[in-house]
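Asker: TSV, C-alpha atoms, saved as protein-v7.tsv, coming up:
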chain	number	residue	atom	x	y	z
A	1	MET	CA	4.55	21.85	-64.37
A	2	LEU	CA	1.08	21.50	-62.91
A	3	CYS	CA	-1.30	23.89	-64.65
A	4	LEU	CA	-5.00	24.69	-64.52
A	5	GLY	CA	-5.14	25.53	-68.19
A	6	ASN	CA	-3.92	28.24	-70.52
A	7	THR	CA	-7.24	30.11	-70.29
A	8	VAL	CA	-6.97	30.67	-66.53
A	9	PRO	CA	-5.09	33.88	-65.55
A	10	VAL	CA	-1.82	33.32	-63.69
A	11	ASN	CA	-2.99	35.11	-60.54
A	12	LEU	CA	-6.22	33.11	-60.40
A	13	GLN	CA	-4.28	29.89	-60.92
A	14	ALA	CA	-2.04	30.81	-57.99
A	15	TYR	CA	-4.97	31.74	-55.73
A	16	ILE	CA	-6.77	28.43	-56.39
A	17	ILE	CA	-3.60	26.39	-56.02
A	18	LEU	CA	-2.57	28.08	-52.77
A	19	CYS	CA	-6.05	27.80	-51.24
A	20	ILE	CA	-6.10	24.06	-51.92
A	21	THR	CA	-2.61	23.87	-50.44
A	22	THR	CA	-3.57	25.60	-47.22
A	23	LEU	CA	-6.78	23.57	-46.95
A	24	ILE	CA	-4.63	20.42	-46.92
A	25	TRP	CA	-2.23	21.99	-44.42
A	26	GLY	CA	-5.12	22.94	-42.18
A	27	GLY	CA	-6.08	19.28	-42.28
A	28	ASN	CA	-2.50	18.35	-41.42
A	29	THR	CA	-2.65	20.42	-38.24
A	30	VAL	CA	-6.00	18.88	-37.24
A	31	ALA	CA	-4.64	15.41	-38.04
A	32	GLY	CA	-1.54	16.11	-35.94
A	33	LYS	CA	-3.72	16.95	-32.96
A	34	MET	CA	-5.87	13.87	-33.54
A	35	ALA	CA	-2.70	11.74	-33.67
A	36	VAL	CA	-1.82	12.40	-30.01
A	37	GLY	CA	-1.90	9.04	-28.23
A	38	HIS	CA	-2.41	7.12	-31.47
A	39	VAL	CA	0.99	7.52	-33.14
A	40	SER	CA	4.09	9.31	-31.83
A	41	PRO	CA	5.37	12.47	-33.60
A	42	MET	CA	8.61	11.10	-35.08
A	43	MET	CA	6.98	7.81	-36.10
A	44	LEU	CA	4.26	9.81	-37.87
A	45	THR	CA	6.91	11.97	-39.54
A	46	GLY	CA	8.90	8.96	-40.72
A	47	LEU	CA	6.00	6.79	-41.90
A	48	ARG	CA	4.43	9.57	-43.94
A	49	TRP	CA	7.63	9.86	-45.98
A	50	VAL	CA	7.81	6.09	-46.47
A	51	ILE	CA	4.38	6.32	-48.09
A	52	ALA	CA	5.27	9.41	-50.12
A	53	CYS	CA	8.55	7.96	-51.40
A	54	THR	CA	6.84	4.69	-52.38
A	55	VAL	CA	4.28	6.57	-54.46
A	56	LEU	CA	6.96	8.76	-56.03
A	57	LEU	CA	9.12	5.74	-56.82
A	58	ILE	CA	6.31	4.55	-59.08
A	59	PHE	CA	5.24	7.81	-60.70
A	60	ALA	CA	8.37	9.98	-60.76
A	61	ALA	CA	11.04	7.51	-61.90
A	62	PRO	CA	11.07	8.62	-65.59
A	63	GLN	CA	11.45	12.29	-64.69
A	64	VAL	CA	14.17	11.56	-62.12
A	65	ARG	CA	16.15	9.54	-64.69
A	66	ARG	CA	15.84	12.35	-67.23
A	67	ASP	CA	16.86	15.04	-64.74
A	68	PHE	CA	19.58	13.00	-63.06
A	69	PRO	CA	22.52	15.10	-64.39
A	70	VAL	CA	20.97	18.24	-62.87
A	71	ILE	CA	20.01	16.37	-59.70
A	72	ARG	CA	23.58	15.13	-59.29
A	73	ARG	CA	24.90	18.69	-59.43
A	74	ASN	CA	22.29	19.95	-56.94
A	75	TRP	CA	21.72	16.89	-54.74
A	76	LEU	CA	22.65	18.58	-51.47
A	77	LEU	CA	20.23	21.47	-52.04
A	78	LEU	CA	17.41	19.14	-53.07
A	79	LEU	CA	17.89	16.82	-50.09
A	80	GLY	CA	18.10	19.94	-47.92
A	81	TYR	CA	14.66	21.06	-49.09
A	82	GLY	CA	13.24	17.80	-47.78
A	83	THR	CA	15.21	17.92	-44.54
A	84	VAL	CA	14.17	21.47	-43.68
A	85	GLY	CA	10.79	22.04	-45.34
A	86	PHE	CA	9.39	18.55	-44.97
A	87	THR	CA	10.96	16.73	-42.01
A	88	ALA	CA	11.98	19.56	-39.68
A	89	PHE	CA	8.75	21.52	-40.01
A	90	ASN	CA	6.48	18.52	-39.43
A	91	ALA	CA	8.63	17.10	-36.63
A	92	PHE	CA	8.39	20.44	-34.82
A	93	LEU	CA	4.65	20.75	-35.56
A	94	TYR	CA	3.68	17.25	-34.41
A	95	SER	CA	5.91	17.51	-31.34
A	96	ALA	CA	4.50	20.93	-30.44
A	97	LEU	CA	0.96	19.58	-30.51
A	98	GLN	CA	1.94	17.17	-27.73
A	99	TYR	CA	2.60	20.09	-25.37
A	100	THR	CA	0.69	23.17	-26.49
A	101	SER	CA	-2.86	24.03	-27.46
A	102	ALA	CA	-4.19	24.31	-30.97
A	103	ILE	CA	-4.81	28.03	-30.25
A	104	ASN	CA	-1.14	28.65	-29.60
A	105	ALA	CA	-0.03	26.63	-32.63
A	106	VAL	CA	-2.45	28.45	-34.94
A	107	ILE	CA	-1.33	31.92	-33.85
A	108	GLU	CA	2.35	31.05	-34.11
A	109	GLN	CA	2.00	29.61	-37.62
A	110	ALA	CA	0.56	32.96	-38.67
A	111	GLY	CA	4.03	34.43	-38.19
A	112	ILE	CA	5.39	32.60	-41.24
A	113	PRO	CA	4.50	35.29	-43.84
A	114	MET	CA	6.14	38.10	-41.86
A	115	VAL	CA	9.27	35.99	-41.36
A	116	ILE	CA	9.31	35.40	-45.13
A	117	PHE	CA	9.07	39.17	-45.70
A	118	VAL	CA	11.92	39.84	-43.29
A	119	MET	CA	14.16	37.08	-44.67
A	120	ASN	CA	13.63	38.21	-48.25
A	121	TYR	CA	14.40	41.82	-47.34
A	122	VAL	CA	17.49	41.03	-45.25
A	123	LEU	CA	18.96	38.49	-47.67
A	124	PHE	CA	17.83	39.79	-51.06
A	125	ARG	CA	16.50	43.31	-50.42
A	126	THR	CA	13.16	42.22	-51.88
A	127	ALA	CA	10.79	45.17	-51.87
A	128	PHE	CA	7.51	45.08	-49.99
A	129	SER	CA	4.90	47.76	-49.51
A	130	LEU	CA	3.01	49.25	-46.58
A	131	ALA	CA	-0.13	47.75	-48.09
A	132	GLN	CA	1.39	44.28	-47.81
A	133	ILE	CA	2.17	44.90	-44.14
A	134	ALA	CA	-1.36	46.22	-43.64
A	135	GLY	CA	-2.75	43.12	-45.35
A	136	PHE	CA	-0.63	40.89	-43.16
A	137	THR	CA	-1.95	42.70	-40.08
A	138	LEU	CA	-5.56	42.19	-41.17
A	139	THR	CA	-5.05	38.50	-41.82
A	140	LEU	CA	-3.26	38.12	-38.50
A	141	GLY	CA	-6.25	39.80	-36.86
A	142	GLY	CA	-8.52	37.22	-38.48
A	143	VAL	CA	-6.28	34.42	-37.26
A	144	ALA	CA	-6.26	35.84	-33.73
A	145	LEU	CA	-10.06	36.20	-33.78
A	146	THR	CA	-10.41	32.56	-34.78
A	147	ALA	CA	-7.86	31.34	-32.28
A	148	SER	CA	-9.42	33.27	-29.40
A	149	HIS	CA	-12.97	32.10	-30.25
A	150	GLY	CA	-14.10	35.68	-30.70
A	151	ASP	CA	-12.68	37.02	-27.44
A	152	LEU	CA	-9.30	38.64	-28.10
A	153	THR	CA	-8.76	39.21	-24.37
A	154	THR	CA	-8.21	35.46	-23.94
A	155	LEU	CA	-4.94	35.78	-25.85
A	156	LEU	CA	-3.44	37.50	-22.83
A	157	SER	CA	-3.80	34.30	-20.78
A	158	LEU	CA	-1.92	32.00	-23.14
A	159	ASP	CA	0.91	30.11	-21.46
A	160	LEU	CA	4.10	29.72	-23.45
A	161	ASN	CA	5.77	26.37	-22.99
A	162	GLN	CA	8.00	23.83	-24.72
A	163	GLY	CA	5.40	23.36	-27.43
A	164	ASP	CA	5.31	27.07	-28.23
A	165	ALA	CA	9.09	27.12	-28.60
A	166	MET	CA	8.84	24.20	-31.02
A	167	MET	CA	6.21	26.07	-33.05
A	168	MET	CA	8.48	29.08	-33.32
A	169	ALA	CA	11.19	26.77	-34.66
A	170	ALA	CA	8.64	25.38	-37.14
A	171	VAL	CA	7.84	28.92	-38.29
A	172	LEU	CA	11.52	29.69	-38.90
A	173	VAL	CA	12.32	26.51	-40.82
A	174	TYR	CA	9.30	26.74	-43.12
A	175	ALA	CA	9.90	30.41	-43.86
A	176	GLY	CA	13.50	29.51	-44.68
A	177	TYR	CA	12.35	26.70	-46.96
A	178	THR	CA	9.97	29.04	-48.80
A	179	VAL	CA	12.67	31.66	-49.37
A	180	ALA	CA	15.18	29.01	-50.48
A	181	LEU	CA	12.86	27.76	-53.22
A	182	ARG	CA	14.18	30.60	-55.38
A	183	PHE	CA	17.36	28.52	-55.79
A	184	LYS	CA	15.67	25.34	-57.01
A	185	PRO	CA	17.19	24.01	-60.25
A	186	GLU	CA	15.24	23.73	-63.48
A	187	ILE	CA	13.95	20.18	-63.20
A	188	HIS	CA	10.55	18.56	-63.52
A	189	TRP	CA	8.30	19.12	-60.52
A	190	LYS	CA	8.09	15.36	-59.98
A	191	SER	CA	11.87	15.19	-59.73
A	192	LEU	CA	11.94	18.10	-57.29
A	193	ILE	CA	9.35	16.54	-54.99
A	194	ALA	CA	10.84	13.04	-55.29
A	195	ILE	CA	14.37	14.02	-54.25
A	196	SER	CA	13.05	16.35	-51.55
A	197	ALA	CA	10.89	13.52	-50.20
A	198	LEU	CA	13.93	11.23	-50.22
A	199	GLY	CA	15.76	13.85	-48.17
A	200	ALA	CA	12.81	13.96	-45.78
A	201	LEU	CA	12.82	10.17	-45.39
A	202	ILE	CA	16.57	9.99	-44.79
A	203	SER	CA	16.53	12.82	-42.26
A	204	SER	CA	13.54	11.33	-40.40
A	205	ILE	CA	15.31	8.03	-39.67
A	206	PRO	CA	17.56	9.41	-36.87
A	207	LEU	CA	14.50	11.04	-35.29
A	208	VAL	CA	12.59	7.74	-35.23
A	209	ILE	CA	15.64	5.98	-33.74
A	210	TRP	CA	15.91	8.67	-31.07
A	211	GLU	CA	12.20	8.40	-30.23
A	212	PHE	CA	12.48	4.60	-29.93
A	213	SER	CA	15.62	4.78	-27.78
A	214	THR	CA	13.93	7.15	-25.32
A	215	GLY	CA	10.84	4.95	-24.96
A	216	ARG	CA	8.54	7.57	-26.50
A	217	MET	CA	7.65	5.74	-29.69
A	218	ILE	CA	3.98	4.83	-30.21
A	219	TRP	CA	3.27	2.41	-33.05
A	220	PRO	CA	0.11	3.55	-34.87
A	221	ASP	CA	-3.24	1.99	-34.01
A	222	MET	CA	-6.15	2.04	-36.48
A	223	GLN	CA	-6.74	5.78	-36.12
A	224	GLY	CA	-3.01	6.34	-36.26
A	225	TRP	CA	-2.74	4.51	-39.58
A	226	VAL	CA	-5.54	6.60	-41.07
A	227	ILE	CA	-3.67	9.74	-40.02
A	228	VAL	CA	-0.39	8.36	-41.41
A	229	ALA	CA	-2.06	7.59	-44.74
A	230	TYR	CA	-3.58	11.07	-44.95
A	231	ALA	CA	-0.28	12.74	-44.06
A	232	GLY	CA	1.67	10.56	-46.47
A	233	LEU	CA	-0.50	11.33	-49.46
A	234	LEU	CA	-1.99	14.83	-49.17
A	235	PRO	CA	0.30	17.04	-47.03
A	236	SER	CA	3.42	15.12	-48.10
A	237	LEU	CA	2.74	15.05	-51.83
A	238	VAL	CA	-0.20	17.04	-53.16
A	239	SER	CA	0.27	20.15	-51.01
A	240	GLN	CA	4.03	20.33	-51.57
A	241	ILE	CA	3.57	20.12	-55.33
A	242	LEU	CA	0.93	22.85	-55.26
A	243	TYR	CA	2.95	25.12	-52.97
A	244	VAL	CA	6.03	24.91	-55.19
A	245	ARG	CA	3.83	25.85	-58.15
A	246	GLY	CA	2.21	28.71	-56.27
A	247	VAL	CA	5.59	30.18	-55.30
A	248	GLU	CA	6.71	29.78	-58.90
A	249	LEU	CA	3.67	31.70	-60.18
A	250	ILE	CA	3.55	34.70	-57.82
A	251	GLY	CA	6.72	34.59	-55.69
A	252	PRO	CA	7.39	33.70	-52.04
A	253	ASN	CA	6.17	36.95	-50.46
A	254	ARG	CA	2.74	36.79	-52.05
A	255	ALA	CA	2.42	33.01	-51.75
A	256	GLY	CA	3.44	33.11	-48.09
A	257	LEU	CA	0.54	35.39	-47.23
A	258	PHE	CA	-1.89	32.58	-48.00
A	259	ILE	CA	-0.46	30.61	-45.07
A	260	ASN	CA	-2.70	32.77	-42.89
A	261	THR	CA	-5.73	30.91	-44.27
A	262	ILE	CA	-4.57	27.68	-42.59
A	263	PRO	CA	-6.35	28.46	-39.28
A	264	ILE	CA	-9.52	29.32	-41.15
A	265	PHE	CA	-9.53	26.02	-43.01
A	266	GLY	CA	-8.50	24.28	-39.82
A	267	THR	CA	-11.56	25.74	-38.10
A	268	LEU	CA	-13.87	24.59	-40.89
A	269	LEU	CA	-12.37	21.10	-40.80
A	270	SER	CA	-12.79	21.03	-37.04
A	271	ILE	CA	-16.47	21.90	-37.47
A	272	THR	CA	-16.84	19.07	-39.99
A	273	LEU	CA	-14.75	16.42	-38.25
A	274	ILE	CA	-15.27	17.25	-34.58
A	275	GLY	CA	-18.76	18.75	-34.75
A	276	GLU	CA	-18.00	22.24	-33.44
A	277	ALA	CA	-20.67	24.87	-34.20
A	278	LEU	CA	-20.00	27.67	-36.68
A	279	GLN	CA	-19.93	30.95	-34.75
A	280	THR	CA	-20.30	34.55	-35.94
A	281	PHE	CA	-16.65	35.23	-35.15
A	282	HIS	CA	-15.62	32.46	-37.57
A	283	ILE	CA	-17.31	34.32	-40.42
A	284	ALA	CA	-15.79	37.65	-39.30
A	285	ALA	CA	-12.34	36.10	-39.07
A	286	MET	CA	-12.55	34.58	-42.56
A	287	ALA	CA	-13.62	37.98	-43.90
A	288	LEU	CA	-10.58	39.64	-42.27
A	289	VAL	CA	-8.22	37.06	-43.78
A	290	LEU	CA	-9.68	37.42	-47.27
A	291	VAL	CA	-9.68	41.24	-47.09
A	292	GLY	CA	-6.10	41.17	-45.83
A	293	ILE	CA	-4.97	39.04	-48.75
A	294	ALA	CA	-6.80	41.35	-51.17
A	295	VAL	CA	-5.19	44.47	-49.66
A	296	ALA	CA	-1.71	42.95	-49.81
A	297	GLU	CA	-2.25	41.79	-53.38
A	298	ARG	CA	-3.54	45.14	-54.66
A	299	GLY	CA	-0.81	47.07	-52.88
A	300	ARG	CA	2.14	44.84	-53.73
A	301	PRO	CA	5.19	46.52	-55.28
A	302	ARG	CA	4.92	46.67	-59.06
A	303	PRO	CA	7.91	45.97	-61.30
A	304	ALA	CA	9.37	49.11	-62.80
A	305	LYS	CA	8.33	49.82	-66.39
A	306	THR	CA	11.12	49.80	-68.91
A	307	PRO	CA	11.28	52.87	-71.15
Written as structure tokens, that's how I'd like the structure from this file.
Answerer:
Amino acid sequence: MLCLGNTVPVNLQAYIILCITTLIWGGNTVAGKMAVGHVSPMMLTGLRWVIACTVLLIFAAPQVRRDFPVIRRNWLLLLGYGTVGFTAFNAFLYSALQYTSAINAVIEQAGIPMVIFVMNYVLFRTAFSLAQIAGFTLTLGGVALTASHGDLTTLLSLDLNQGDAMMMAAVLVYAGYTVALRFKPEIHWKSLIAISALGALISSIPLVIWEFSTGRMIWPDMQGWVIVAYAGLLPSLVSQILYVRGVELIGPNRAGLFINTIPIFGTLLSITLIGEALQTFHIAAMALVLVGIAVAERGRPRPAKTP
């Protein structure tokens, strides 16, 4: 499994890995917004997995052959990871960005960690502390401050529409994917990502056909192909590998909290790519997110000591 070295503490490994993951995901959201008018949502979803599967066909074949007996016993689960966590989430995200604002999408994605908490408690009675809830609230406050451009009263004027409903569906499916990772079989990480990506590719084909049949398909132009390439390599491959490793290191509840850094990274990428100015509220929001993560980490439930 991917590792930063034996000398790096497990928690620090997880923090670095998950921050890189959410940086890439922040870029995925920005790229999805930039894709509007340049490549249609389902075409973007399908093409990114064509790229990812092609790369994995080259680099993951030995591991897949070695793990094939385990893959054969767990093929439905592994393909399901790709269908839900890869295809469904991104199809909902890219479609939502056609109808709703980036502000709405950012706020709604911040609900993923709390949904993970609730799912883990309802399904597995996983313990969580008041400090974790407090940390979640702080990070959500930072997200809201970023999304509202420093004026929280503007949140009251947000209009919920079809895009917002799609984002809520995206929140649910990715939280479900995160929780379900506890059931992944013991196979090489390349095998896990390869079969999941295959599931994503297979499940995206009907969506592309539907988009074509309804006259909504947009074949990518030059900017569209750049976005497809980015999505096919970084969010589709690198970030998924890192997220699986992060969940493996510190568990889904703690890993899920880092999802709240996506809007922060998205803001920084917007400043870099679109030329927006860095405002005081951006710095305040990033501080809230980081403090929230620290509070949740320090106050997480500790395993009981054995006598």
Asker: Using all atoms listed in the file, which residue out of A:Met166, A:Leu288, A:Gly246, A:Leu123 lies closest to Leu12 in chain A?
Answerer: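 Looking at the shortest contact to Leu12 in chain A, the residue is A:Gly246.
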Asker: Please identify all polymer residues within 10 Å of Ile133 in chain A, counting only C-alpha atoms, omitting same-chain residues fewer than 3 positions from it, and present them as number ranges by chain.
Answerer: A: 113-114, 117, 128-130, 136-139, 292, 295-296, 299-300
Asker: Counting all atoms listed in the file, figure out which residue out of A:Ile112, A:Val171, A:Val143, A:Leu237 gets nearest to Leu290 in chain A.
Answerer: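 With all atoms listed in the file as the atom set, the closest residue is A:Val143.
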Asker: Just checking: using only C-alpha atoms, which residue out of A:Thr87, A:Thr54, A:Lys33, A:Pro9 ends up closest to Ile205 in chain A?
Answerer: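 Ranked by minimum distance to Ile205 in chain A, first place goes to A:Thr87.
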Asker: Quick one: everything within 6 Å of range 183-197 of chain A, counting only C-alpha atoms, minus sequence neighbours fewer than 4 positions away in the same chain. Send it as a PyMOL selection string.
Answerer: chain A and resi 56+60+63-64+78-79+81-82
Asker: For the atom pair CA of Gln13 in chain A and CA of Phe124 in chain A, what is the interatomic distance in Å to one decimal place?
Answerer: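 Between these atoms lies a distance of 26.2 Å.
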Asker: In Å, how far is it from CA of Ile250 in chain A to CA of Val10 in chain A?
Answerer: 8.1 Å
